[in-house]
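Shown below: data.cif, with mmCIF, C-alpha atoms.
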```cif
data_work
#
loop_
_atom_site.label_atom_id
_atom_site.label_comp_id
_atom_site.auth_asym_id
_atom_site.auth_seq_id
_atom_site.Cartn_x
_atom_site.Cartn_y
_atom_site.Cartn_z
CA MET A 1 45.17 -7.63 -12.41
CA THR A 2 42.72 -5.93 -14.75
CA GLY A 3 39.06 -6.68 -15.21
CA PRO A 4 39.36 -9.03 -18.21
CA GLU A 5 42.22 -10.90 -16.50
CA LEU A 6 40.06 -11.28 -13.45
CA LEU A 7 37.31 -12.90 -15.44
CA SER A 8 39.60 -15.11 -17.49
CA SER A 9 41.21 -16.43 -14.32
CA LEU A 10 37.75 -17.51 -13.21
CA SER A 11 37.10 -19.31 -16.47
CA LYS A 12 40.55 -20.93 -16.31
CA LEU A 13 40.01 -22.28 -12.82
CA PHE A 14 36.52 -23.58 -13.35
CA GLY A 15 37.09 -24.34 -17.06
CA SER A 16 34.83 -27.18 -17.99
CA ARG A 17 32.34 -26.47 -15.24
CA ILE A 18 31.38 -23.20 -16.86
CA LEU A 19 28.54 -24.12 -19.16
CA GLU A 20 28.46 -20.91 -21.12
CA ARG A 21 30.20 -17.57 -21.26
CA SER A 22 28.67 -14.63 -23.05
CA GLU A 23 29.50 -10.98 -23.55
CA PHE A 24 26.88 -8.38 -24.24
CA ARG A 25 27.63 -4.66 -24.31
CA GLY A 26 30.68 -5.19 -22.15
CA GLU A 27 28.83 -7.27 -19.58
CA THR A 28 30.12 -10.73 -18.88
CA THR A 29 27.81 -13.57 -17.97
CA PHE A 30 28.83 -17.03 -16.81
CA VAL A 31 26.32 -19.83 -16.71
CA ILE A 32 27.41 -22.36 -14.13
CA GLU A 33 26.16 -25.58 -12.61
CA LYS A 34 23.71 -25.22 -9.77
CA SER A 35 25.86 -27.37 -7.50
CA ASP A 36 28.90 -25.16 -8.05
CA ILE A 37 27.39 -21.89 -6.90
CA ARG A 38 28.80 -21.85 -3.38
CA GLU A 39 32.30 -22.77 -4.52
CA VAL A 40 32.29 -20.19 -7.31
CA ALA A 41 30.79 -17.54 -5.06
CA LYS A 42 33.43 -18.06 -2.37
CA TYR A 43 36.21 -17.93 -4.96
CA CYS A 44 34.76 -14.76 -6.51
CA ARG A 45 34.56 -13.05 -3.17
CA ASP A 46 37.87 -14.15 -1.62
CA GLU A 47 40.22 -14.40 -4.61
CA LEU A 48 38.67 -12.15 -7.27
CA SER A 49 37.57 -9.30 -4.94
CA PHE A 50 33.89 -9.45 -5.87
CA ASP A 51 32.99 -8.10 -2.48
CA TYR A 52 29.61 -6.63 -3.41
CA LEU A 53 26.50 -8.62 -4.33
CA LEU A 54 24.29 -6.14 -6.15
CA ASP A 55 21.24 -8.28 -6.65
CA ILE A 56 19.84 -11.76 -7.04
CA SER A 57 16.92 -12.17 -9.36
CA SER A 58 15.01 -15.05 -10.82
CA VAL A 59 13.57 -15.71 -14.28
CA ASP A 60 10.69 -17.98 -15.24
CA ASN A 61 11.13 -19.38 -18.76
CA PHE A 62 7.70 -20.96 -18.70
CA GLY A 63 7.33 -23.81 -21.15
CA SER A 64 11.01 -24.59 -21.58
CA GLU A 65 13.23 -26.85 -19.54
CA PRO A 66 15.07 -26.05 -17.29
CA ARG A 67 12.32 -23.66 -16.39
CA PHE A 68 13.91 -21.25 -13.90
CA GLU A 69 17.04 -19.15 -13.85
CA VAL A 70 18.66 -17.48 -10.86
CA VAL A 71 20.89 -14.51 -11.70
CA TYR A 72 23.59 -13.13 -9.40
CA GLU A 73 24.96 -9.66 -10.10
CA LEU A 74 28.42 -9.26 -8.60
CA TYR A 75 30.56 -6.15 -8.41
CA SER A 76 34.13 -5.61 -7.36
CA MET A 77 34.53 -2.37 -5.43
CA THR A 78 38.32 -2.35 -5.79
CA MET A 79 38.49 -3.28 -9.49
CA ALA A 80 35.20 -1.72 -10.64
CA VAL A 81 34.23 -4.87 -12.56
CA HIS A 82 30.80 -6.38 -13.00
CA LEU A 83 30.16 -10.11 -13.23
CA ARG A 84 26.89 -11.94 -13.77
CA LEU A 85 26.43 -15.55 -12.72
CA LYS A 86 23.47 -17.58 -13.91
CA LEU A 87 22.11 -20.87 -12.64
CA ARG A 88 19.56 -22.97 -14.46
CA ILE A 89 17.00 -24.57 -12.17
CA SER A 90 14.75 -27.42 -13.16
CA GLU A 91 11.10 -27.35 -12.13
CA ASP A 92 11.43 -30.87 -10.69
CA ASP A 93 13.98 -29.71 -8.12
CA PRO A 94 13.43 -25.99 -7.49
CA THR A 95 16.14 -25.61 -4.85
CA VAL A 96 19.37 -23.61 -4.75
CA ASP A 97 22.16 -23.46 -2.17
CA THR A 98 22.13 -20.24 -0.20
CA VAL A 99 24.90 -17.67 -0.49
CA SER A 100 23.63 -15.67 2.45
CA ASP A 101 26.64 -16.68 4.56
CA ILE A 102 28.99 -15.45 1.81
CA TRP A 103 27.23 -12.13 1.16
CA PRO A 104 24.84 -11.33 4.05
CA THR A 105 22.74 -9.15 1.74
CA ALA A 106 21.63 -12.31 -0.05
CA ASN A 107 19.41 -13.15 2.91
CA TRP A 108 16.49 -10.93 1.90
CA HIS A 109 17.05 -11.36 -1.85
CA GLU A 110 16.68 -15.10 -1.43
CA ARG A 111 13.60 -14.63 0.71
CA GLU A 112 12.08 -12.51 -2.04
CA ILE A 113 12.81 -15.17 -4.67
CA TRP A 114 11.23 -17.81 -2.43
CA ASP A 115 8.20 -15.58 -1.91
CA MET A 116 7.67 -14.52 -5.51
CA MET A 117 9.03 -17.45 -7.57
CA GLY A 118 8.90 -20.37 -5.16
CA LEU A 119 12.53 -21.45 -5.35
CA ARG A 120 13.76 -22.80 -2.02
CA PHE A 121 17.24 -21.99 -0.75
CA ASN A 122 19.02 -24.81 1.09
CA ASP A 123 20.48 -23.90 4.50
CA HIS A 124 19.01 -20.41 4.45
CA PRO A 125 18.92 -19.20 8.08
CA ASP A 126 15.45 -17.59 7.89
CA LEU A 127 13.51 -18.62 4.81
CA ARG A 128 10.18 -16.88 5.40
CA ARG A 129 8.08 -14.99 2.89
CA ILE A 130 9.07 -11.36 2.73
CA LEU A 131 6.29 -9.50 0.86
CA MET A 132 3.26 -11.76 1.04
CA TRP A 133 2.20 -13.35 4.32
CA GLU A 134 3.04 -16.81 5.65
CA GLY A 135 0.38 -19.15 4.32
CA TYR A 136 -0.33 -17.34 1.04
CA PRO A 137 -0.78 -20.27 -1.32
CA TYR A 138 0.69 -18.93 -4.59
CA PHE A 139 3.95 -17.63 -6.07
CA PRO A 140 2.87 -14.46 -7.90
CA LEU A 141 5.82 -13.99 -10.28
CA ARG A 142 5.42 -17.38 -11.90
CA LYS A 143 4.11 -17.09 -15.43
CA GLU A 144 1.03 -19.21 -14.86
CA PHE A 145 -0.14 -16.84 -12.12
CA PRO A 146 -2.65 -14.34 -13.55
CA LEU A 147 -2.00 -10.61 -13.12
CA GLU A 148 -5.42 -10.04 -11.57
CA GLY A 149 -4.59 -12.54 -8.83
CA LEU A 150 -6.41 -15.52 -7.37
CA PRO A 151 -8.74 -15.60 -4.39
CA SER A 152 -7.32 -16.73 -1.08
CA GLU A 153 -8.52 -16.52 2.48
CA MET A 154 -6.75 -16.72 5.81
CA PRO A 155 -9.16 -15.63 8.54
CA ASP A 156 -7.80 -12.74 10.64
CA VAL A 157 -4.59 -12.63 8.61
CA ALA A 158 -5.37 -11.57 5.07
CA PHE A 159 -7.52 -12.30 2.07
CA THR A 160 -7.18 -11.67 -1.64
CA SER A 161 -9.68 -11.56 -4.45
CA ILE A 162 -9.59 -11.17 -8.22
CA ALA A 163 -9.04 -7.61 -9.45
CA PRO A 164 -11.22 -6.33 -12.31
CA MET A 165 -8.99 -5.82 -15.33
CA GLU A 166 -11.29 -3.43 -17.18
CA GLY A 167 -14.15 -1.10 -16.33
CA GLY A 168 -14.40 0.67 -13.01
CA PRO A 169 -14.52 4.36 -12.20
CA PHE A 170 -10.83 5.16 -12.35
CA VAL A 171 -9.55 3.25 -15.36
CA THR A 172 -7.70 5.26 -17.98
CA GLN A 173 -7.96 4.51 -21.68
CA PRO A 174 -4.91 4.49 -23.92
CA SER A 175 -5.10 7.46 -26.27
CA THR A 176 -3.06 10.24 -27.79
CA ALA A 177 -4.77 12.87 -25.65
CA THR A 178 -2.64 14.83 -23.24
CA THR A 179 -2.18 13.69 -19.68
CA LYS A 180 -4.48 16.44 -18.52
CA ASP A 181 -7.35 15.04 -20.58
CA ARG A 182 -6.60 11.40 -19.83
CA GLU A 183 -6.47 12.00 -16.08
CA PRO A 184 -9.10 9.84 -14.40
CA ARG A 185 -11.84 11.96 -12.88
CA ALA A 186 -14.84 11.33 -10.72
CA HIS A 187 -16.99 14.20 -11.91
CA PRO A 188 -20.62 13.23 -12.47
CA PRO A 189 -21.41 12.71 -16.16
CA ARG A 190 -22.70 15.82 -17.88
CA GLU A 191 -26.44 15.79 -18.48
CA GLU A 192 -27.33 15.62 -22.17
CA MET B 193 -50.48 39.53 33.41
CA GLN B 194 -48.57 36.33 33.92
CA LYS B 195 -51.01 34.39 31.79
CA ALA B 196 -50.48 36.71 28.89
CA ALA B 197 -46.73 36.28 29.05
CA THR B 198 -46.86 32.51 28.72
CA LYS B 199 -49.28 32.74 25.84
CA LYS B 200 -47.01 35.00 23.91
CA THR B 201 -44.91 33.11 21.32
CA LEU B 202 -41.73 34.95 21.91
CA PRO B 203 -38.59 33.25 20.62
CA ALA B 204 -37.58 33.30 24.25
CA ALA B 205 -37.67 35.71 27.09
CA TYR B 206 -35.50 38.42 25.61
CA ASP B 207 -33.14 39.99 28.06
CA SER B 208 -30.51 42.41 26.86
CA LYS B 209 -28.34 41.61 29.90
CA ILE B 210 -27.65 38.05 28.78
CA GLU B 211 -27.49 38.80 25.10
CA GLY B 212 -24.48 37.04 23.57
CA ASN B 213 -24.11 34.66 26.49
CA VAL B 214 -26.97 32.30 25.74
CA ILE B 215 -27.71 30.69 22.41
CA PHE B 216 -30.81 28.72 21.57
CA THR B 217 -30.52 26.03 18.97
CA ARG B 218 -31.48 22.46 18.21
CA LEU B 219 -29.42 19.86 20.03
CA ASP B 220 -28.56 18.16 16.74
CA ALA B 221 -27.33 21.38 15.22
CA ALA B 222 -25.16 22.13 18.23
CA MET B 223 -23.65 18.63 18.33
CA ASN B 224 -23.01 18.61 14.61
CA TRP B 225 -21.47 22.06 14.72
CA MET B 226 -19.08 20.97 17.44
CA ARG B 227 -18.22 17.73 15.68
CA LYS B 228 -17.63 19.11 12.22
CA ASN B 229 -15.37 21.95 13.29
CA SER B 230 -13.09 19.77 15.35
CA LEU B 231 -12.45 16.68 13.26
CA TRP B 232 -9.36 14.94 14.50
CA PRO B 233 -7.91 12.94 11.61
CA MET B 234 -6.27 9.55 11.77
CA PRO B 235 -3.56 9.91 9.12
CA MET B 236 -3.59 6.48 7.48
CA GLY B 237 -0.73 7.37 5.16
CA LEU B 238 0.13 4.35 3.02
CA ALA B 239 1.67 5.79 -0.15
CA CYS B 240 2.33 9.01 -2.03
CA CYS B 241 -1.07 10.50 -1.08
CA ALA B 242 0.35 10.83 2.41
CA ILE B 243 2.80 13.42 1.07
CA GLU B 244 -0.13 15.52 -0.12
CA LEU B 245 -1.82 14.91 3.22
CA MET B 246 1.25 16.32 4.95
CA ALA B 247 1.26 19.28 2.57
CA THR B 248 -2.39 19.89 3.44
CA ALA B 249 -1.49 20.04 7.09
CA SER B 250 1.45 22.37 6.56
CA ALA B 251 1.53 26.16 6.44
CA ARG B 252 0.66 26.84 2.80
CA PHE B 253 -2.67 25.00 2.81
CA ASP B 254 -3.24 24.84 6.55
CA ILE B 255 -6.02 22.38 7.28
CA ALA B 256 -6.24 24.04 10.72
CA ARG B 257 -8.53 26.60 9.08
CA PHE B 258 -11.12 23.82 9.03
CA GLY B 259 -10.44 22.54 12.50
CA ALA B 260 -8.83 19.30 11.36
CA GLU B 261 -5.19 19.94 12.16
CA VAL B 262 -4.92 17.62 15.16
CA MET B 263 -3.47 14.54 13.51
CA ARG B 264 -3.59 11.81 16.12
CA PHE B 265 -1.47 8.72 15.81
CA SER B 266 -3.66 6.89 18.29
CA PRO B 267 -6.95 5.72 16.81
CA ARG B 268 -8.59 6.14 20.22
CA GLN B 269 -8.51 9.92 19.82
CA CYS B 270 -9.62 10.19 16.20
CA ASP B 271 -12.83 11.11 14.44
CA VAL B 272 -12.02 10.77 10.76
CA MET B 273 -9.70 8.28 9.12
CA ILE B 274 -8.02 9.65 6.01
CA VAL B 275 -6.99 6.58 4.03
CA ALA B 276 -4.21 8.13 1.95
CA GLY B 277 -2.63 5.62 -0.37
CA THR B 278 -2.57 2.13 -1.79
CA VAL B 279 -4.14 -0.43 0.52
CA THR B 280 -2.45 -3.76 -0.05
CA TYR B 281 -4.11 -6.95 1.09
CA LYS B 282 -1.35 -7.34 3.63
CA MET B 283 -2.26 -3.95 5.16
CA ALA B 284 -6.02 -4.18 4.66
CA LEU B 285 -6.95 -5.96 7.87
CA ALA B 286 -4.60 -3.71 9.85
CA VAL B 287 -6.44 -0.67 8.47
CA LYS B 288 -9.74 -2.28 9.44
CA ARG B 289 -8.49 -2.98 12.95
CA ILE B 290 -7.37 0.62 13.38
CA TYR B 291 -10.77 1.79 12.15
CA GLU B 292 -12.49 -0.45 14.68
CA GLN B 293 -10.37 1.03 17.47
CA MET B 294 -11.64 4.53 16.72
CA PRO B 295 -14.50 5.65 18.99
CA GLU B 296 -17.92 6.54 17.57
CA PRO B 297 -18.86 8.77 15.85
CA LYS B 298 -16.32 8.18 13.09
CA TRP B 299 -15.99 8.88 9.41
CA VAL B 300 -13.72 7.74 6.59
CA ILE B 301 -12.23 9.72 3.72
CA ALA B 302 -10.85 7.63 0.86
CA MET B 303 -8.15 9.90 -0.50
CA GLY B 304 -7.00 9.31 -4.06
CA ALA B 305 -7.61 6.71 -6.74
CA CYS B 306 -5.93 3.82 -4.91
CA ALA B 307 -7.89 4.09 -1.68
CA SER B 308 -11.10 4.63 -3.65
CA SER B 309 -10.81 1.83 -6.19
CA GLY B 310 -7.36 0.29 -6.27
CA GLY B 311 -6.33 2.95 -8.77
CA MET B 312 -3.81 1.84 -11.35
CA TYR B 313 -2.95 -1.25 -9.31
CA ARG B 314 -5.10 -3.91 -10.93
CA SER B 315 -3.08 -6.64 -9.34
CA TYR B 316 -3.02 -9.58 -6.98
CA ALA B 317 -1.57 -7.52 -4.15
CA VAL B 318 -3.88 -4.52 -3.89
CA LEU B 319 -7.33 -4.22 -2.33
CA GLN B 320 -9.64 -2.75 -4.97
CA GLY B 321 -10.95 0.11 -2.85
CA ILE B 322 -11.07 0.50 0.92
CA ASP B 323 -14.89 0.59 0.69
CA GLN B 324 -14.76 -3.20 0.51
CA LEU B 325 -13.84 -3.13 4.19
CA LEU B 326 -14.92 0.22 5.65
CA PRO B 327 -17.94 2.50 5.16
CA VAL B 328 -16.48 5.43 3.20
CA ASP B 329 -18.10 8.89 3.50
CA VAL B 330 -16.08 10.89 1.00
CA TYR B 331 -14.11 9.76 -2.04
CA ILE B 332 -11.48 12.12 -3.44
CA SER B 333 -10.29 11.61 -6.99
CA GLY B 334 -6.77 12.31 -8.14
CA CYS B 335 -3.45 10.54 -8.24
CA PRO B 336 -2.54 11.96 -5.83
CA PRO B 337 -5.19 14.62 -5.17
CA ARG B 338 -3.96 18.13 -4.63
CA PRO B 339 -4.26 19.55 -1.11
CA GLU B 340 -7.16 21.70 -2.31
CA ALA B 341 -9.00 18.53 -3.26
CA LEU B 342 -8.46 17.06 0.18
CA ILE B 343 -9.70 20.27 1.76
CA GLU B 344 -12.78 20.17 -0.44
CA GLY B 345 -13.33 16.57 0.59
CA LEU B 346 -13.09 17.64 4.19
CA MET B 347 -15.62 20.42 3.58
CA LYS B 348 -17.94 17.92 1.91
CA LEU B 349 -17.62 15.74 4.99
CA GLN B 350 -18.41 18.75 7.20
CA ALA B 351 -21.52 19.40 5.12
CA LYS B 352 -22.51 15.78 5.54
CA ILE B 353 -21.96 15.88 9.30
CA SER B 354 -24.05 19.02 9.69
CA GLY B 355 -27.00 17.19 8.13
CA GLU B 356 -26.83 14.17 10.42
CA HIS B 357 -29.48 13.34 13.01
CA SER B 358 -26.89 12.90 15.69
CA PHE B 359 -29.10 12.90 18.78
CA ILE B 360 -31.80 10.62 17.40
CA SER B 361 -29.32 8.14 15.99
CA GLN B 362 -27.35 8.11 19.23
CA LYS B 363 -30.55 7.35 21.16
CA GLN B 364 -31.53 4.71 18.62
CA ASP B 365 -28.09 3.19 18.95
CA LEU B 366 -28.52 2.99 22.72
CA VAL B 367 -31.95 1.40 22.38
CA ASP B 368 -30.58 -1.15 19.92
CA ARG B 369 -27.77 -2.06 22.27
CA VAL B 370 -30.08 -2.50 25.24
CA LYS B 371 -32.36 -4.66 23.09
CA ALA B 372 -29.42 -6.73 21.95
CA LEU B 373 -28.51 -7.36 25.58
CA GLY B 374 -32.05 -8.71 26.09
#
```
Entire entry expressed as structure tokens:
Amino acid sequence: MTGPELLSSLSKLFGSRILERSEFRGETTFVIEKSDIREVAKYCRDELSFDYLLDISSVDNFGSEPRFEVVYELYSMTMAVHLRLKLRISEDDPTVDTVSDIWPTANWHEREIWDMMGLRFNDHPDLRRILMWEGYPYFPLRKEFPLEGLPSEMPDVAFTSIAPMEGGPFVTQPSTATTKDREPRAHPPREE
Amino acid sequence: MQKAATKKTLPAAYDSKIEGNVIFTRLDAAMNWMRKNSLWPMPMGLACCAIELMATASARFDIARFGAEVMRFSPRQCDVMIVAGTVTYKMALAVKRIYEQMPEPKWVIAMGACASSGGMYRSYAVLQGIDQLLPVDVYISGCPPRPEALIEGLMKLQAKISGEHSFISQKQDLVDRVKALG
């Protein structure tokens, strides 16, 4: 079976349950129903030889509905074929079924998505935050979260405060000068 | 005869037999001299600055020339904490705890833009300068600073130490503690 046959057999089997299929620069993307992800994932791994989960990422389409997307990048080691699966997640029910029992590497990817985007994964064996600390009240990759951060306080654990976005001793200015001249320095200002 | 000898303002009783074996100096100067030439660093390597810190310690730059080659990974044995790298909020209180475990007297070098001011990380995750938590003695600019810059920072710190009133402040510290006990 070749790569295109592999992918068409997937679309044949799941036919109507595939919401959208798109090709871009030789990359194939299937948009599927959220409830189908475990079934499709198992089929991809066991029957279509997609034995390698490269990455899971999440997208926040702030202002449109459904707001979130979860993107699975699959790769077949034996056939050298890529496949991208996308789920659309509504803000009202920001949960997804875990695939961490199908590809163990999904464990930490799903923890990262929970930490950064706030999407919960059903039946995940260990759904803790992975970068921020337990108890941090925000999800920093959501679009409404400001880049400079928001103040938070957990005594003896951690605190955060708002970062200054301009000014300060080490801020560089955009310019056409060479890197050597733009390099931030802490020399005292020359006396006029 | 004896009376005349005591009246004389000799620097001290000069005796060629003990020349070179006895040195007269101020207590402060002696303490500072000993401290500044044997600074044991706590390598708080948190990001790429730590690579330059390692280069500073290695043969080409050789921080041992300045008596600061004894990197200790136990804060209990350290004099100067070199905060080398980006201090995230998650790490910030750990850095503070390690600083508090270091015995007095202790100093802090903020190495590089990130440790000094957050550097290019104007973001929710990064502490905007370790001086928000610790008293910093020397800031070193650069991203990351070259080993020469770190060595110059160390020399600046040595100059600062040699000007300290170590004995007086130690006594004052003791008095304050006794007073605090009541």
Taking the file as shown, find all residues satisfying the PyMOL selection byres ((chain B and resi 250-265) around 8) and write them as a PDB file with C-alpha atoms, keeping the file's coordinate frame.
```
ATOM      1  CA  LYS B 228     -17.630  19.110  12.220  1.00  0.00           C
ATOM      2  CA  ASN B 229     -15.370  21.950  13.290  1.00  0.00           C
ATOM      3  CA  SER B 230     -13.090  19.770  15.350  1.00  0.00           C
ATOM      4  CA  LEU B 231     -12.450  16.680  13.260  1.00  0.00           C
ATOM      5  CA  TRP B 232      -9.360  14.940  14.500  1.00  0.00           C
ATOM      6  CA  PRO B 233      -7.910  12.940  11.610  1.00  0.00           C
ATOM      7  CA  MET B 234      -6.270   9.550  11.770  1.00  0.00           C
ATOM      8  CA  PRO B 235      -3.560   9.910   9.120  1.00  0.00           C
ATOM      9  CA  MET B 246       1.250  16.320   4.950  1.00  0.00           C
ATOM     10  CA  ALA B 247       1.260  19.280   2.570  1.00  0.00           C
ATOM     11  CA  THR B 248      -2.390  19.890   3.440  1.00  0.00           C
ATOM     12  CA  ALA B 249      -1.490  20.040   7.090  1.00  0.00           C
ATOM     13  CA  SER B 266      -3.660   6.890  18.290  1.00  0.00           C
ATOM     14  CA  PRO B 267      -6.950   5.720  16.810  1.00  0.00           C
ATOM     15  CA  GLN B 269      -8.510   9.920  19.820  1.00  0.00           C
ATOM     16  CA  CYS B 270      -9.620  10.190  16.200  1.00  0.00           C
ATOM     17  CA  PRO B 339      -4.260  19.550  -1.110  1.00  0.00           C
ATOM     18  CA  GLU B 340      -7.160  21.700  -2.310  1.00  0.00           C
ATOM     19  CA  ILE B 343      -9.700  20.270   1.760  1.00  0.00           C
ATOM     20  CA  MET B 347     -15.620  20.420   3.580  1.00  0.00           C
TER      21      MET B 347
END
```
Leaving out segment 29-46 of chain A and any residue of its chain fewer than 2 positions from it, which residues lie within 6 Å of it when counting only C-alpha atoms, given as a VMD selection string? chain A and resid 18 to 22 48 to 51 84 to 87
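Residues from chain B that have an atom within 10 Å of chain A, counting only C-alpha atoms, are Thr280, Tyr281, Lys282, Met283, Ala284, Leu285, Ala286, Ala305, Cys306, Ser308, Ser309, Gly310, Gly311, Met312, Tyr313, Arg314, Ser315, Tyr316, Ala317, Val318, Leu319, Gln320, Tyr331, Ile332, Ser333, Gly334 and Cys335 of chain B.
Atom CA of Leu366 of chain B lies 19.9 Å from atom CA of Ala221 of chain B.
Residues matched by the PyMOL selection byres ((chain A and resi 128) around 8) in this structure: A:Arg111, A:Trp114, A:Asp115, A:Asp126, A:Leu127, A:Arg129, A:Ile130, A:Glu134.
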Counting all atoms listed in the file, which residue out of A:Met154, A:Ala80, A:Ile102, A:Val96 sits closest to Gly135 of chain A?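 Using all atoms listed in the file, Gly135 of chain A sits closest to A:Met154.
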Enclose the full set of atoms of segment 334-344 of chain B listed in the file within a box whose edges lie along x, y and z, apply 6 Å of padding to each of the six sides, and report centre and edge lengths in Å to one decimal as JSON.
```
{"center_x": -7.7, "center_y": 16.1, "center_z": -3.2, "size_x": 22.2, "size_y": 23.2, "size_z": 22.0}
```
Evaluate the PyMOL selection byres ((chain A and resi 92) around 12) and report residues as a PyMOL selection string: chain A and resi 65-68+88-91+93-95+119
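Of the residues under consideration (A:Glu23, A:Asp123, A:Glu112, A:Glu5), A:Glu112 shows the shortest atom-to-atom contact distance to Ser57 of chain A when counting all atoms listed in the file.
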Nearest to Val70 of chain A, chosen from A:Leu54, A:Ile113, A:Leu83, A:Ala106, with only C-alpha atoms counted in the distances: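 Closest to Val70 of chain A, using only C-alpha atoms: A:Ile113.
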What does the structure give for the distance between atom CA of Tyr72 of chain A and atom CA of His124 of chain A, in Å to one decimal? 16.3 Å
Students should find that atom CA of Gly345 of chain B and atom CA of Ile360 of chain B are spaced 25.7 Å
Please identify all polymer residues within 12 Å of Pro297 of chain B, counting all atoms listed in the file, omitting same-chain residues fewer than 5 positions from it, and present them as an mmCIF file with C-alpha atoms, in the frame of the given file.
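Okay, this is what ended up in selection-v3.cif:
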```
data_model
loop_
_atom_site.group_PDB
_atom_site.id
_atom_site.type_symbol
_atom_site.label_atom_id
_atom_site.label_comp_id
_atom_site.auth_asym_id
_atom_site.auth_seq_id
_atom_site.Cartn_x
_atom_site.Cartn_y
_atom_site.Cartn_z
ATOM 1 C CA MET B 223 -23.650 18.630 18.330
ATOM 2 C CA ASN B 224 -23.010 18.610 14.610
ATOM 3 C CA ARG B 227 -18.220 17.730 15.680
ATOM 4 C CA LYS B 228 -17.630 19.110 12.220
ATOM 5 C CA LEU B 231 -12.450 16.680 13.260
ATOM 6 C CA TRP B 232 -9.360 14.940 14.500
ATOM 7 C CA ARG B 268 -8.590 6.140 20.220
ATOM 8 C CA GLN B 269 -8.510 9.920 19.820
ATOM 9 C CA CYS B 270 -9.620 10.190 16.200
ATOM 10 C CA ASP B 271 -12.830 11.110 14.440
ATOM 11 C CA VAL B 272 -12.020 10.770 10.760
ATOM 12 C CA MET B 273 -9.700 8.280 9.120
ATOM 13 C CA TYR B 291 -10.770 1.790 12.150
ATOM 14 C CA GLU B 292 -12.490 -0.450 14.680
ATOM 15 C CA ILE B 353 -21.960 15.880 9.300
ATOM 16 C CA GLU B 356 -26.830 14.170 10.420
ATOM 17 C CA HIS B 357 -29.480 13.340 13.010
ATOM 18 C CA SER B 358 -26.890 12.900 15.690
ATOM 19 C CA PHE B 359 -29.100 12.900 18.780
ATOM 20 C CA SER B 361 -29.320 8.140 15.990
ATOM 21 C CA GLN B 362 -27.350 8.110 19.230
ATOM 22 C CA ASP B 365 -28.090 3.190 18.950
#
```
